[in-house]
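I have placed the structure first, in the form of structure tokens, so that the comments after it can refer back to it.
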Amino acid sequence: MSSLISVKNLSRYYGDFCAVNNISFELAAGDILGFLGPNGAGKSTTMQMLSGNLAPGSGEIRINGIDLLEQPKAAKAALGYLPETPPLYPEMTVNEYLDYCARLHRIKASDIINTRNHAIERCGLLDVQQRLIRNLSKGYQQRVGIAQAILHSPPVIILDEPTVGLDPIQIIEIRDLIRTLGKSHGIILCTHILPEVQAVCNRVQIINRGELVYSADMDALMQAQGGRYDITLAQTIDGNELATHKVFSEVETCANGRFIVSSTLPAEQLSRYIVEQGWGLLAFNEHRPSLEQIFIELTAGDNAVDTREAA
Amino acid sequence: MIFSIAQREFRSMFLSPMAWVLLAVVQVILAWSFFTSIDMFFAVQKELTTMQNAPGVTDLIVSPLYEAASVILLMIVPLLTMRLISEERRSKTLSLLLSAPLSITEIVLGKYLGLLFFVFTLVFLISLMPLSLAMGTSLDYEKLFSGLLGLLLMLAAFSAAGLYMSSLTDNPMIAAISSFGLLLLLWLLNINSAPAGSDSALSYLSLQSHFSVLLRGIFNTRDIAYFILFITFFLVLTIRQLETRRLQA
């Protein structure tokens with residue numbers, strides 16, 4: 001099956017500054033791809049290139065199999081895009097605005113009302129459809145932006161920080177919406193909120209300083225590493241003392257009585273051993289690397305370089 | 001598609017007080033100018049009857065009105081064009097158009113057309129005044145329509161230049177000032193150069209020299225071609241400018 005988005009060797013310079021350097025990736029139907037990166041990593045630049053707002057310096061972008069540079073109109077028809085700042089006209093009502101977007105996407109006049117109502121329903125805008133966009137709260141404006149991106153049911157949807165400014169309930173609603181949309185569309189979710197990616201995405205990519213540094217399936221990432229455990233003890237025990245016990249092949253001390261230990265023993269035997277020692281076992285978990293750890297590992301080193309360069 | 005953009009542009013002008021205020025101000029000023037010309041016409045009417053080849057109502061009232069309109073709109077049109085592209089870029093709504101299946105040419109033509117609708121409304125309101133004279137006297141319609149065409153072409157040219165200036169900057173104020181400057185310069189070119197009707201290159205570049213020909217009721221392809229070239233030139237520049245912006249930043 002051909003992929004919905006295929007990006008090959010994409011680069012972009014702003015003057016001498018390289019914002020995006022030789023990125024390649026693909027998006028398949030049914031994928032929700034989390035696109036992560038620290039500020040200024042090139043996330044938005046990449047999204048702007050995918051949506052045709054910026055011309056790429058070099059490389060190839062195919063949307064739904066159509067080359068964006070050679071046939072921009074056909075490629076853009078397969079795309080819904082919510083930029084960082086939702087592109088709203090404050091002087092229009094929600095209905096007027098969505099009708100206008102529908103016309104821009106060449107939706108037949110007879111279908112416009114249905115299309116609009118469908119998007120309004122999906123984004124929970126029923127109560128505000130007659131109101132001026134100017135008077136809506138940030139959360140509702142964000143939803144109008146999402147409605148605009150999914151209006152013409154494009155195969156590919158690109159959402160650049162869709163949950164900014166939403167309250168926790170709205171965030172859950174939007175995440176549910178994204179998950180539902182993910183069943184029938186390919187979605188790129190661009191964000192720096194890690195739990196969001198963990199909650200909705202099935203693939204994750206991390207971009208740092210213009211380069212793609214990490215790309216994995218969420219399932220693979222979330223798989224427990226065999227033989228490593230995360231334990232918390234009530235008693236104050238020194239990590240070195242723990243290490244003298246033969247059952248642990250490796251001990252890593254974290255704060256507040258928490259340790260990450262490696263052991264060849266199966267989990268139930270190890271937990272029994274710890275309980276027998278009378279250390280006051282409070283928590284015992286298989287150790288999973290969190291997205292946060294991976295993210296920090298991959299991007300933190302460079303930030304130190306950044307500060308030095310800035311100084 | 002172009003029409004959808006134009007329609008939105010036109011409607012959004014009337015959603016802010018700006019369009020209404022501009023229409024009202026222009027109408028009041030021109031009504032005043034119209035009245036003073038009628039007054040003057042009555043004052044000189046007796047002498048006119050004794051003259052041979054005397055200028056008629058159209059020459060003494062309609063042409064001056066259109067000429068005054070062109071000068072006032074030279075200042076007004078930059079206020080209409082200033083937000084067309086720069087505002088969209090500043091509030092980041094341009095990306096809606098750029099990521100929709102539209103070419104940049106369609107975006108630019110749509111915006112230009114929307115503006116022209118407004119300008120035509122303005123000219124229609126202005127023209128009601130001289131047309132009202134038809135109730136009491138006979139007008140030289142050929143001359144009137146030639147002047148009307150001239151005014152429309154002139155304003156279409158102002159609009160094209162203003163649209164280009166608006167594509168250059170994110171700041172509507174700067175767009176307004178620079179388009180006003182450009183239009184004023186094109187006007188002054190005529191005043192400073194040799195007597196009207198001379199064939200100097202500078203005078204040829206001026207918009208007003210071509211407009212005044214049409215006001216005198218002379219329909220010359222040379223002048224029409226000038227306006228059409230002027231408009232096309234600035235529209236193409238605008239399209240190029242937006243394409244370049246996509247490449248640069």
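A note on labels: chains of the structure tokens are A, B, ... as shown, every chain counts residues from 1, and ligands are counted from 1 in their shown order.
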
>> Need the shell around range 41-47 of chain A: protein/DNA/RNA residues with any atom at most 6 Å away, counting only C-alpha atoms. Skip same-chain ones fewer than 5 positions apart. Format as a PyMOL selection string?
In response: chain A and resi 19-20+208-210

Per-residue nearest contacts of chain A to chain B (7 Å; only C-alpha atoms) as a tab-separated table:
residue	atom	partner	partner_atom	distance
A:Tyr14	CA	B:Ala249	CA	6.9
A:Ser51	CA	B:Ser99	CA	5.4
A:Gly52	CA	B:Ser99	CA	5.7
A:Asn53	CA	B:Leu98	CA	5.6
A:Leu54	CA	B:Arg246	CA	4.8
A:Ala55	CA	B:Leu247	CA	5.0
A:Lys73	CA	B:Pro101	CA	4.4
A:Ala74	CA	B:Pro101	CA	6.8
A:Lys76	CA	B:Pro101	CA	5.0
A:Ala77	CA	B:Pro101	CA	5.2
A:Tyr81	CA	B:Ser99	CA	6.9
A:Thr85	CA	B:Lys92	CA	6.6
A:Pro87	CA	B:Thr93	CA	4.0
A:Leu88	CA	B:Thr93	CA	6.1
A:Glu91	CA	B:Leu15	CA	6.7
A:Arg103	CA	B:Ser4	CA	6.8
A:Leu104	CA	B:Met1	CA	6.4
A:His105	CA	B:Ala100	CA	6.2

> Counting only C-alpha atoms, what is within 8 Å of range 29-45 of chain B, bar same-chain residues fewer than 4 positions away, as a VMD selection string?
Replying inline: chain B and resid 25 49 57 60 to 61 64 to 65 68 to 69 126 129

>> Please list as a PyMOL selection string every residue within 10 Å of Phe219 in chain B, counting only C-alpha atoms and excluding residues in the same chain fewer than 3 positions away.
In response: chain B and resi 142-143+146-147+149-150+213-216+222-224

>> Please report the interatomic distance between CA of Leu186 in chain B and CA of Leu205 in chain B in Å with one decimal.
In response: 7.1 Å

> Contacts of Pro172 in chain B at 10 Å or less, counting only C-alpha atoms, minus same-chain residues fewer than 4 places along, as a PyMOL selection string?
Replying inline: chain B and resi 78-88+90+165-168+176-178

Export, as a compact mmCIF listing (two decimals), in the first residue's frame, the selected residues with C-alpha atoms.
# COMPACT_ATOMS: atom_id res chain seq x y z
CA PRO B 78 -4.27 52.97 -0.05
CA LEU B 79 -6.45 52.68 3.06
CA LEU B 80 -8.52 50.01 1.31
CA THR B 81 -5.60 48.06 -0.09
CA MET B 82 -3.34 48.20 2.94
CA ARG B 83 -4.78 45.22 4.77
CA LEU B 84 -5.43 42.95 1.79
CA ILE B 85 -2.33 40.79 2.14
CA SER B 86 -0.31 42.28 4.97
CA GLU B 87 -3.07 41.76 7.51
CA GLU B 88 -3.53 38.15 6.45
CA ARG B 90 0.26 39.29 10.23
CA MET B 165 2.57 47.33 -1.66
CA SER B 166 0.45 45.30 0.73
CA SER B 167 2.22 42.12 -0.31
CA LEU B 168 5.59 43.63 0.58
CA ALA B 176 -0.72 52.33 3.17
CA ILE B 177 2.01 54.95 3.36
CA SER B 178 4.14 53.39 0.65

> Hey, which of A:Val275, A:Val261, A:Leu126, A:Ala109 ends up closest to Tyr229 in chain A? Count only C-alpha atoms.
Replying inline: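 Result for the nearest residue to Tyr229 in chain A: A:Val261.
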
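Close contacts of Ser137 in chain A, defined as residues with an atom at most 10 Å away when counting only C-alpha atoms, with chain neighbours fewer than 6 positions off set aside, comprise Arg143, Gly165 and Leu166 of chain A.
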
Same residues, N, CA and C atoms, saved as a PDB file, in the first residue's frame:
ATOM      1  N   ARG A 143     -10.800  24.829  18.314  1.00  0.00           N
ATOM      2  CA  ARG A 143     -11.662  23.790  17.744  1.00  0.00           C
ATOM      3  C   ARG A 143     -12.139  24.184  16.348  1.00  0.00           C
ATOM      4  N   GLY A 165      -4.146  25.810  24.712  1.00  0.00           N
ATOM      5  CA  GLY A 165      -5.211  26.706  25.135  1.00  0.00           C
ATOM      6  C   GLY A 165      -6.521  26.018  25.464  1.00  0.00           C
ATOM      7  N   LEU A 166      -6.538  24.693  25.452  1.00  0.00           N
ATOM      8  CA  LEU A 166      -7.789  24.006  25.782  1.00  0.00           C
ATOM      9  C   LEU A 166      -7.797  23.612  27.258  1.00  0.00           C
TER      10      LEU A 166
END

Which neighbours of Arg258 in chain A fall inside 8 Å, counting only C-alpha atoms, when residues of the same chain fewer than 6 positions from it are skipped, and could you give them as a tab-separated table (two decimals) with N, CA and C atoms, in the first residue's frame?
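The resulting file, around09.tsv, is reproduced below:
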chain	number	residue	atom	x	y	z
A	230	ASP	N	11.84	-1.31	38.68
A	230	ASP	CA	11.77	0.00	39.28
A	230	ASP	C	11.23	-0.24	40.69
A	231	ILE	N	12.04	-0.03	41.76
A	231	ILE	CA	11.53	-0.33	43.10
A	231	ILE	C	11.62	0.90	44.00
A	232	THR	N	10.72	1.02	44.92
A	232	THR	CA	10.75	2.09	45.90
A	232	THR	C	10.73	1.46	47.29
A	233	LEU	N	11.65	1.90	48.17
A	233	LEU	CA	11.76	1.32	49.50
A	233	LEU	C	11.47	2.38	50.55

>> Could you go through range 104-210 of chain B and tell me which residues DSSP, when run on the backbone, assigns to alpha helix (DSSP H), listing them as an MDAnalysis selection string?
In response: chainID B and resid 104:132 141:168 172:192 201:205 207:210

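Going from CA of Pro195 in chain A over to CA of Gly257 in chain A, you cover 25.0 Å.
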
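For the pair CA of Trp20 in chain B and CA of Leu109 in chain B, the interatomic distance is 23.8 Å.
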